[in-house]
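Notes follow the structure.
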Amino acid sequence: MSEMMQAAVLHGVHDLRVEEVPAPGRPAPNEARIQINKVGICGSDVHYWEHGRIGDFIVESPMVLGHECAGTVVEVGSNVTDLRPGDRVAIEPGVPRLSTPLSHYYMKRGEYNLCPDIFFFATPPDHGSFCDYVNHPADFCFKLPDNVSLEEGAMIEPLSTGIYACRVAPIVLGDTVVITGAGPIGLMNMLAAKAAGAANVLISDVVPARLEVAQQIGATRVITGNPEELKEAARELTNGRGADVCIEAAGHPSAINACIAAARPGGTVVLIGMVPNDTAEISITDIIVREIKLRPIFRYNNTFPTGVDLMASGKVDVKPLISRRFSLPEVPQAFEYVIANRDTCVKAIVDVK
Ligand code: 572
Ligand code: ZN
């Protein structure tokens, strides 16, 4: 009989149960068996809990939630040489399955986030990591140095979106950067942009409490949801040019337009936020005549080593973003808490062990 473990399983809308599920068995040759220690609650976990789906990804059978995680290696498969029991690791939740030539194509290009058949924790039908143990490919486990905590390790995943946005934009030394949305993703992008050398980071949100956090962690200027003010502020800081890079992390058509308006001619707008109803109206003339580059990003690739280094070197400090901590049995209450405190709770962390 297989060993059992605790997991937070989504059975349906608003039906999240902490229950016994079979624990994974011995790790495969390329895998490590990891005791999960810390898992952050992501907006997508909450979205599945509230709606049972994100777009075409529908929770059709019970699914373990959670994908922002760090843990401790307890056993390694026979081919694993660079990890050993006791190592503390950040876990990258997306692993390409390499089941088709197309997946191999993108893997070889280093763009493995675009592999059509990718495993990703807590994306239906793949189970997540609000549980005691996972078996995970060792290549997707990143050792944490002694001065990086397991909580910080769990936050490398959400930081990854910011690292990737900065890399693809790209953000270069001295840039003026606008970010719309001061939720966890907007704030992670702000930390990454500052570490990438941005001279100014302006951030907007409709919720003043979120902007307070942004201010505390080093925003040059915070703006309460007024596109005109955002554009003017970007121009003031750039001799009238506009922002070099705008990062849209609010997930609203008006924020996409605010980013386009705030960008300088030749600037880049990075699109991260998913918008309600999936559509936004933008002026094609405006983006053509000013050569605004629109750059959507889908998750990230090759960002975890950078995340570890940024934290170990002290260039990025994610600790001020931790708002509350919960235990694994408290996960259902944690979700209620996150929803009830949307405006003030940046990152809730589940302390599994
Ligand atoms: O940390 C990864 C992550 N990705 C999010 C949201 C939250 N966290 N994405 C938004 C939803 N998409 S998706 O394509 N999908 C459900 C697979 O609509 C993935 C990226
Ligand atoms: Zn996420």
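Just remember, in the structure tokens the first chain shown is A, the second B, etc., residues are 1-based per chain, and ligands are 1-based in the order shown.
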Could the residues that lie within 7 Å of ligand 1, counting only C-alpha atoms and all ligand atoms, be listed as a VMD selection string?
chain A and resid 42 to 44 54 to 55 57 67 to 68 123 157 to 158 274 298 to 299
For the residues in that selection, give me C-alpha atoms as a compact mmCIF listing (two decimals), in the first residue's frame.
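The result, written out as selection-v4.txt:
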# COMPACT_ATOMS: atom_id res chain seq x y z
CA CYS A 42 -0.78 32.88 -6.15
CA GLY A 43 -3.65 34.78 -7.74
CA SER A 44 -4.18 31.84 -10.09
CA ILE A 54 -8.85 30.08 -15.99
CA GLY A 55 -9.89 30.45 -19.64
CA PHE A 57 -8.00 25.45 -18.26
CA HIS A 67 3.01 26.30 -7.47
CA GLU A 68 5.25 28.84 -5.69
CA THR A 123 -2.66 23.94 -13.90
CA GLU A 157 8.65 31.75 -8.77
CA PRO A 158 6.63 35.00 -8.68
CA MET A 274 -4.75 38.66 -18.34
CA PHE A 298 3.99 33.75 -21.02
CA ARG A 299 5.35 32.75 -17.62
Show me a table, sorted first by chain and then by increasing residue number, of the residues of chain A having an atom at most 12 Å from ligand 2, each with its shortest atom pair and the distance in Å to one decimal, counting only C-alpha atoms and all ligand atoms and written as JSON lines.
{"residue": "A:Val39", "atom": "CA", "partner": "ligand 2", "partner_atom_place_in_ligand_line": "1 (Zn)", "distance": 10.8}
{"residue": "A:Gly40", "atom": "CA", "partner": "ligand 2", "partner_atom_place_in_ligand_line": "1 (Zn)", "distance": 8.6}
{"residue": "A:Ile41", "atom": "CA", "partner": "ligand 2", "partner_atom_place_in_ligand_line": "1 (Zn)", "distance": 7.8}
{"residue": "A:Cys42", "atom": "CA", "partner": "ligand 2", "partner_atom_place_in_ligand_line": "1 (Zn)", "distance": 4.7}
{"residue": "A:Gly43", "atom": "CA", "partner": "ligand 2", "partner_atom_place_in_ligand_line": "1 (Zn)", "distance": 6.4}
{"residue": "A:Ser44", "atom": "CA", "partner": "ligand 2", "partner_atom_place_in_ligand_line": "1 (Zn)", "distance": 5.8}
{"residue": "A:Asp45", "atom": "CA", "partner": "ligand 2", "partner_atom_place_in_ligand_line": "1 (Zn)", "distance": 7.4}
{"residue": "A:Val46", "atom": "CA", "partner": "ligand 2", "partner_atom_place_in_ligand_line": "1 (Zn)", "distance": 9.9}
{"residue": "A:His47", "atom": "CA", "partner": "ligand 2", "partner_atom_place_in_ligand_line": "1 (Zn)", "distance": 10.5}
{"residue": "A:Tyr48", "atom": "CA", "partner": "ligand 2", "partner_atom_place_in_ligand_line": "1 (Zn)", "distance": 11.5}
{"residue": "A:Leu65", "atom": "CA", "partner": "ligand 2", "partner_atom_place_in_ligand_line": "1 (Zn)", "distance": 10.6}
{"residue": "A:Gly66", "atom": "CA", "partner": "ligand 2", "partner_atom_place_in_ligand_line": "1 (Zn)", "distance": 8.3}
{"residue": "A:His67", "atom": "CA", "partner": "ligand 2", "partner_atom_place_in_ligand_line": "1 (Zn)", "distance": 6.5}
{"residue": "A:Glu68", "atom": "CA", "partner": "ligand 2", "partner_atom_place_in_ligand_line": "1 (Zn)", "distance": 6.6}
{"residue": "A:Cys69", "atom": "CA", "partner": "ligand 2", "partner_atom_place_in_ligand_line": "1 (Zn)", "distance": 10.3}
{"residue": "A:Glu92", "atom": "CA", "partner": "ligand 2", "partner_atom_place_in_ligand_line": "1 (Zn)", "distance": 11.1}
{"residue": "A:Pro93", "atom": "CA", "partner": "ligand 2", "partner_atom_place_in_ligand_line": "1 (Zn)", "distance": 9.4}
{"residue": "A:Gly94", "atom": "CA", "partner": "ligand 2", "partner_atom_place_in_ligand_line": "1 (Zn)", "distance": 10.8}
{"residue": "A:Phe120", "atom": "CA", "partner": "ligand 2", "partner_atom_place_in_ligand_line": "1 (Zn)", "distance": 10.2}
{"residue": "A:Phe121", "atom": "CA", "partner": "ligand 2", "partner_atom_place_in_ligand_line": "1 (Zn)", "distance": 9.5}
{"residue": "A:Ala122", "atom": "CA", "partner": "ligand 2", "partner_atom_place_in_ligand_line": "1 (Zn)", "distance": 9.3}
{"residue": "A:Thr123", "atom": "CA", "partner": "ligand 2", "partner_atom_place_in_ligand_line": "1 (Zn)", "distance": 10.0}
{"residue": "A:Gly128", "atom": "CA", "partner": "ligand 2", "partner_atom_place_in_ligand_line": "1 (Zn)", "distance": 11.1}
{"residue": "A:Ala154", "atom": "CA", "partner": "ligand 2", "partner_atom_place_in_ligand_line": "1 (Zn)", "distance": 10.9}
{"residue": "A:Met155", "atom": "CA", "partner": "ligand 2", "partner_atom_place_in_ligand_line": "1 (Zn)", "distance": 9.9}
{"residue": "A:Ile156", "atom": "CA", "partner": "ligand 2", "partner_atom_place_in_ligand_line": "1 (Zn)", "distance": 10.6}
{"residue": "A:Glu157", "atom": "CA", "partner": "ligand 2", "partner_atom_place_in_ligand_line": "1 (Zn)", "distance": 7.2}
{"residue": "A:Pro158", "atom": "CA", "partner": "ligand 2", "partner_atom_place_in_ligand_line": "1 (Zn)", "distance": 6.0}
{"residue": "A:Leu159", "atom": "CA", "partner": "ligand 2", "partner_atom_place_in_ligand_line": "1 (Zn)", "distance": 9.7}
{"residue": "A:Ser160", "atom": "CA", "partner": "ligand 2", "partner_atom_place_in_ligand_line": "1 (Zn)", "distance": 9.7}
{"residue": "A:Thr161", "atom": "CA", "partner": "ligand 2", "partner_atom_place_in_ligand_line": "1 (Zn)", "distance": 8.9}
{"residue": "A:Gly162", "atom": "CA", "partner": "ligand 2", "partner_atom_place_in_ligand_line": "1 (Zn)", "distance": 11.9}
{"residue": "A:Pro184", "atom": "CA", "partner": "ligand 2", "partner_atom_place_in_ligand_line": "1 (Zn)", "distance": 9.6}
{"residue": "A:Ile185", "atom": "CA", "partner": "ligand 2", "partner_atom_place_in_ligand_line": "1 (Zn)", "distance": 8.7}
{"residue": "A:Met188", "atom": "CA", "partner": "ligand 2", "partner_atom_place_in_ligand_line": "1 (Zn)", "distance": 11.7}
{"residue": "A:Ile272", "atom": "CA", "partner": "ligand 2", "partner_atom_place_in_ligand_line": "1 (Zn)", "distance": 11.6}
{"residue": "A:Gly273", "atom": "CA", "partner": "ligand 2", "partner_atom_place_in_ligand_line": "1 (Zn)", "distance": 11.6}
{"residue": "A:Phe298", "atom": "CA", "partner": "ligand 2", "partner_atom_place_in_ligand_line": "1 (Zn)", "distance": 11.3}
{"residue": "A:Arg299", "atom": "CA", "partner": "ligand 2", "partner_atom_place_in_ligand_line": "1 (Zn)", "distance": 8.4}
{"residue": "A:Tyr300", "atom": "CA", "partner": "ligand 2", "partner_atom_place_in_ligand_line": "1 (Zn)", "distance": 10.9}
{"residue": "A:Lys347", "atom": "CA", "partner": "ligand 2", "partner_atom_place_in_ligand_line": "1 (Zn)", "distance": 11.1}
Export of prior selection with N, CA and C atoms as a compact mmCIF listing (two decimals), in the first residue's frame:
# COMPACT_ATOMS: atom_id res chain seq x y z
N VAL A 39 5.05 27.30 0.60
CA VAL A 39 4.36 27.51 -0.69
C VAL A 39 3.60 28.83 -0.62
N GLY A 40 3.84 29.70 -1.58
CA GLY A 40 3.09 30.96 -1.66
C GLY A 40 1.74 30.74 -2.31
N ILE A 41 0.78 31.58 -1.94
CA ILE A 41 -0.53 31.52 -2.60
C ILE A 41 -0.52 32.53 -3.74
N CYS A 42 -0.81 32.04 -4.94
CA CYS A 42 -0.78 32.88 -6.15
C CYS A 42 -2.21 33.26 -6.53
N GLY A 43 -2.34 34.37 -7.25
CA GLY A 43 -3.65 34.78 -7.74
C GLY A 43 -4.33 33.70 -8.56
N SER A 44 -3.55 32.88 -9.26
CA SER A 44 -4.18 31.84 -10.09
C SER A 44 -4.76 30.73 -9.20
N ASP A 45 -4.10 30.41 -8.07
CA ASP A 45 -4.69 29.42 -7.14
C ASP A 45 -6.06 29.92 -6.67
N VAL A 46 -6.09 31.20 -6.31
CA VAL A 46 -7.33 31.78 -5.80
C VAL A 46 -8.40 31.82 -6.90
N HIS A 47 -7.94 32.10 -8.13
CA HIS A 47 -8.87 32.16 -9.26
C HIS A 47 -9.51 30.79 -9.53
N TYR A 48 -8.69 29.73 -9.47
CA TYR A 48 -9.27 28.37 -9.65
C TYR A 48 -10.27 28.07 -8.54
N LEU A 65 -3.68 22.32 -5.37
CA LEU A 65 -3.28 23.67 -5.78
C LEU A 65 -1.83 23.96 -5.36
N GLY A 66 -1.32 25.13 -5.72
CA GLY A 66 -0.01 25.59 -5.26
C GLY A 66 1.10 25.38 -6.27
N HIS A 67 1.87 26.46 -6.54
CA HIS A 67 3.01 26.30 -7.47
C HIS A 67 4.21 27.17 -7.12
N GLU A 68 4.11 27.99 -6.07
CA GLU A 68 5.25 28.84 -5.69
C GLU A 68 5.93 28.18 -4.50
N CYS A 69 6.92 27.32 -4.74
CA CYS A 69 7.34 26.48 -3.60
C CYS A 69 8.85 26.27 -3.47
N GLU A 92 11.15 24.96 -9.65
CA GLU A 92 10.52 25.58 -10.83
C GLU A 92 9.33 24.71 -11.23
N PRO A 93 8.12 25.30 -11.26
CA PRO A 93 6.91 24.45 -11.39
C PRO A 93 6.59 23.99 -12.79
N GLY A 94 7.24 24.56 -13.81
CA GLY A 94 6.90 24.21 -15.19
C GLY A 94 7.98 23.37 -15.82
N PHE A 120 2.78 21.82 -15.51
CA PHE A 120 2.90 22.99 -14.63
C PHE A 120 2.06 22.74 -13.39
N PHE A 121 2.72 22.83 -12.22
CA PHE A 121 1.99 22.63 -10.96
C PHE A 121 0.68 23.42 -10.93
N ALA A 122 -0.37 22.76 -10.52
CA ALA A 122 -1.67 23.41 -10.28
C ALA A 122 -2.24 24.10 -11.50
N THR A 123 -1.98 23.53 -12.67
CA THR A 123 -2.66 23.94 -13.90
C THR A 123 -3.32 22.68 -14.42
N GLY A 128 -0.58 20.37 -8.01
CA GLY A 128 0.38 21.34 -7.51
C GLY A 128 1.10 20.88 -6.26
N ALA A 154 10.61 30.17 -2.05
CA ALA A 154 9.26 30.01 -2.61
C ALA A 154 8.88 31.23 -3.45
N MET A 155 9.50 32.36 -3.16
CA MET A 155 9.12 33.58 -3.89
C MET A 155 9.95 33.80 -5.16
N ILE A 156 10.86 32.88 -5.44
CA ILE A 156 11.60 32.99 -6.71
C ILE A 156 10.64 32.79 -7.89
N GLU A 157 9.61 31.98 -7.67
CA GLU A 157 8.65 31.75 -8.77
C GLU A 157 7.95 33.05 -9.17
N PRO A 158 7.26 33.75 -8.24
CA PRO A 158 6.63 35.00 -8.68
C PRO A 158 7.65 36.07 -9.12
N LEU A 159 8.85 36.06 -8.52
CA LEU A 159 9.88 37.01 -8.95
C LEU A 159 10.30 36.72 -10.40
N SER A 160 10.19 35.46 -10.80
CA SER A 160 10.62 35.05 -12.14
C SER A 160 9.93 35.83 -13.25
N THR A 161 8.65 36.14 -13.03
CA THR A 161 7.92 36.92 -14.04
C THR A 161 8.60 38.28 -14.22
N GLY A 162 9.04 38.87 -13.11
CA GLY A 162 9.72 40.16 -13.18
C GLY A 162 11.09 40.05 -13.85
N PRO A 184 1.04 41.54 -6.28
CA PRO A 184 2.30 40.81 -6.14
C PRO A 184 3.14 40.83 -7.42
N ILE A 185 2.51 40.66 -8.58
CA ILE A 185 3.30 40.62 -9.82
C ILE A 185 3.88 41.99 -10.16
N MET A 188 6.76 42.57 -7.72
CA MET A 188 7.93 41.74 -8.08
C MET A 188 8.64 42.34 -9.30
N ILE A 272 1.67 41.42 -19.22
CA ILE A 272 1.65 40.26 -18.32
C ILE A 272 0.21 39.94 -17.91
N GLY A 273 -0.54 40.97 -17.53
CA GLY A 273 -1.88 40.74 -16.97
C GLY A 273 -2.86 40.16 -17.98
N PHE A 298 4.71 34.90 -21.57
CA PHE A 298 3.99 33.75 -21.02
C PHE A 298 4.89 33.07 -19.98
N ARG A 299 4.52 33.25 -18.73
CA ARG A 299 5.35 32.75 -17.62
C ARG A 299 6.78 33.25 -17.77
N TYR A 300 7.78 32.34 -17.96
CA TYR A 300 9.19 32.73 -17.94
C TYR A 300 10.02 31.51 -18.34
N LYS A 347 1.52 38.87 -0.20
CA LYS A 347 1.84 37.45 -0.39
C LYS A 347 1.60 36.68 0.90
Do you know which residues are at most 12 Å from Glu111 in chain A counting only C-alpha atoms, after dropping those on the same chain fewer than 3 positions away, and could you put them as a list in words?
Gly94, Val95, Pro96, Leu102, Ser103, His104, Tyr105, Tyr106, Met107, Lys108, Leu114, Cys115, Pro116, Ile118, Tyr164, Val168, Ile297, Phe298, Arg299, Tyr300, Asn301, Asn302 and Thr303 of chain A
Would you return as a VMD selection string the members of range 17-238 of chain A that DSSP assigns to helix (DSSP H, G or I) on this structure's backbone?
chain A and resid 43 to 51 101 to 108 112 to 114 138 to 140 150 to 154 156 to 168 184 to 195 208 to 216 227 to 236
Among range 24-122 of chain A, which residues carry a DSSP assignment of strand (DSSP E), reported as JSON, numbers by chain?
{"A": [31, 32, 33, 34, 35, 36, 37, 38, 39, 40, 53, 54, 57, 58, 63, 64, 68, 69, 70, 71, 72, 73, 74, 75, 76, 88, 89, 90, 91, 94, 95, 96, 118, 119, 120]}
Would you list the contacts of Ala32 in chain A as an NGL selection string, taking every protein, DNA or RNA residue within 7 Å and counting only C-alpha atoms, but skipping same-chain residues closer than 3 positions in sequence?
:A and (27 or 73 or 75-77 or 135-138)
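Nearest to Met311 in chain A of all the residues A:Val172, A:Leu150, A:Ile284, A:Arg26 is A:Leu150, based on only C-alpha atoms.
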Point out the residue among A:Gly251, A:Pro265, A:Pro276, A:Pro29 with the least atom-to-atom distance to Gly183 in chain A, counting only C-alpha atoms.
A:Gly251
Near Pro332 in chain A, counting only C-alpha atoms, which residues have an atom at most 7 Å away, once you skip same-chain residues fewer than 3 positions from it, shown as a VMD selection string?
chain A and resid 16 to 17 335 to 336
Suppose we keep all heavy atoms; can you now write the selection as a PDB file, in the first residue's frame?
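Output contents, as saved in again.pdb:
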ATOM      1  N   LEU A  16     -12.327  23.600  -1.194  1.00  0.00           N
ATOM      2  CA  LEU A  16     -10.916  23.259  -1.045  1.00  0.00           C
ATOM      3  C   LEU A  16     -10.764  22.473   0.249  1.00  0.00           C
ATOM      4  O   LEU A  16     -11.152  22.959   1.309  1.00  0.00           O
ATOM      5  CB  LEU A  16     -10.095  24.559  -1.009  1.00  0.00           C
ATOM      6  CG  LEU A  16      -8.581  24.477  -0.876  1.00  0.00           C
ATOM      7  CD1 LEU A  16      -7.962  23.686  -2.024  1.00  0.00           C
ATOM      8  CD2 LEU A  16      -7.977  25.896  -0.889  1.00  0.00           C
ATOM      9  N   ARG A  17     -10.250  21.257   0.143  1.00  0.00           N
ATOM     10  CA  ARG A  17     -10.173  20.396   1.328  1.00  0.00           C
ATOM     11  C   ARG A  17      -8.728  19.960   1.582  1.00  0.00           C
ATOM     12  O   ARG A  17      -8.018  19.603   0.626  1.00  0.00           O
ATOM     13  CB  ARG A  17     -10.998  19.122   1.118  1.00  0.00           C
ATOM     14  CG  ARG A  17     -12.432  19.398   0.747  1.00  0.00           C
ATOM     15  CD  ARG A  17     -13.161  18.086   0.511  1.00  0.00           C
ATOM     16  NE  ARG A  17     -14.301  18.304  -0.373  1.00  0.00           N
ATOM     17  CZ  ARG A  17     -14.944  17.346  -1.035  1.00  0.00           C
ATOM     18  NH1 ARG A  17     -14.561  16.075  -0.924  1.00  0.00           N
ATOM     19  NH2 ARG A  17     -15.966  17.633  -1.819  1.00  0.00           N
ATOM     20  N   PHE A 335      -7.164  30.975   1.973  1.00  0.00           N
ATOM     21  CA  PHE A 335      -7.779  31.473   0.733  1.00  0.00           C
ATOM     22  C   PHE A 335      -8.876  32.495   1.056  1.00  0.00           C
ATOM     23  O   PHE A 335      -8.976  33.530   0.400  1.00  0.00           O
ATOM     24  CB  PHE A 335      -8.329  30.307  -0.107  1.00  0.00           C
ATOM     25  CG  PHE A 335      -7.284  29.685  -0.996  1.00  0.00           C
ATOM     26  CD1 PHE A 335      -6.103  29.195  -0.468  1.00  0.00           C
ATOM     27  CD2 PHE A 335      -7.470  29.603  -2.362  1.00  0.00           C
ATOM     28  CE1 PHE A 335      -5.127  28.633  -1.282  1.00  0.00           C
ATOM     29  CE2 PHE A 335      -6.504  29.049  -3.192  1.00  0.00           C
ATOM     30  CZ  PHE A 335      -5.334  28.555  -2.648  1.00  0.00           C
ATOM     31  N   GLU A 336      -9.692  32.197   2.074  1.00  0.00           N
ATOM     32  CA  GLU A 336     -10.733  33.157   2.494  1.00  0.00           C
ATOM     33  C   GLU A 336     -10.069  34.478   2.891  1.00  0.00           C
ATOM     34  O   GLU A 336     -10.548  35.551   2.550  1.00  0.00           O
ATOM     35  CB  GLU A 336     -11.522  32.632   3.720  1.00  0.00           C
ATOM     36  CG  GLU A 336     -12.205  31.304   3.529  1.00  0.00           C
ATOM     37  CD  GLU A 336     -13.562  31.405   2.832  1.00  0.00           C
ATOM     38  OE1 GLU A 336     -13.948  32.537   2.476  1.00  0.00           O
ATOM     39  OE2 GLU A 336     -14.188  30.348   2.645  1.00  0.00           O
TER      40      GLU A 336
END
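Taking CA of Val338 in chain A and CA of Ala192 in chain A as the two end points, the separation is 24.0 Å.
Between Ala312 in chain A and the residues A:Lys143, A:Lys293, A:His252, A:Arg33, the shortest atom-to-atom distance, using only C-alpha atoms, involves A:Lys143.
As for CA of Thr279 in chain A and CA of Ala261 in chain A, they are spaced 18.0 Å apart.
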For Val178 in chain A, please output as a PyMOL selection string all residues within 9 Å (counting only C-alpha atoms; exclusion window: fewer than 4 positions along the same chain).
chain A and resi 190+200-204+230+234+243-248+259+262-263
Any idea what's packed within 10 Å of Val9 in chain A, counting only C-alpha atoms, ignoring anything in its chain fewer than 3 positions away? Could you give it as a PyMOL selection string?
chain A and resi 6+12+15-21+49+61-66+122+127-131+331-332
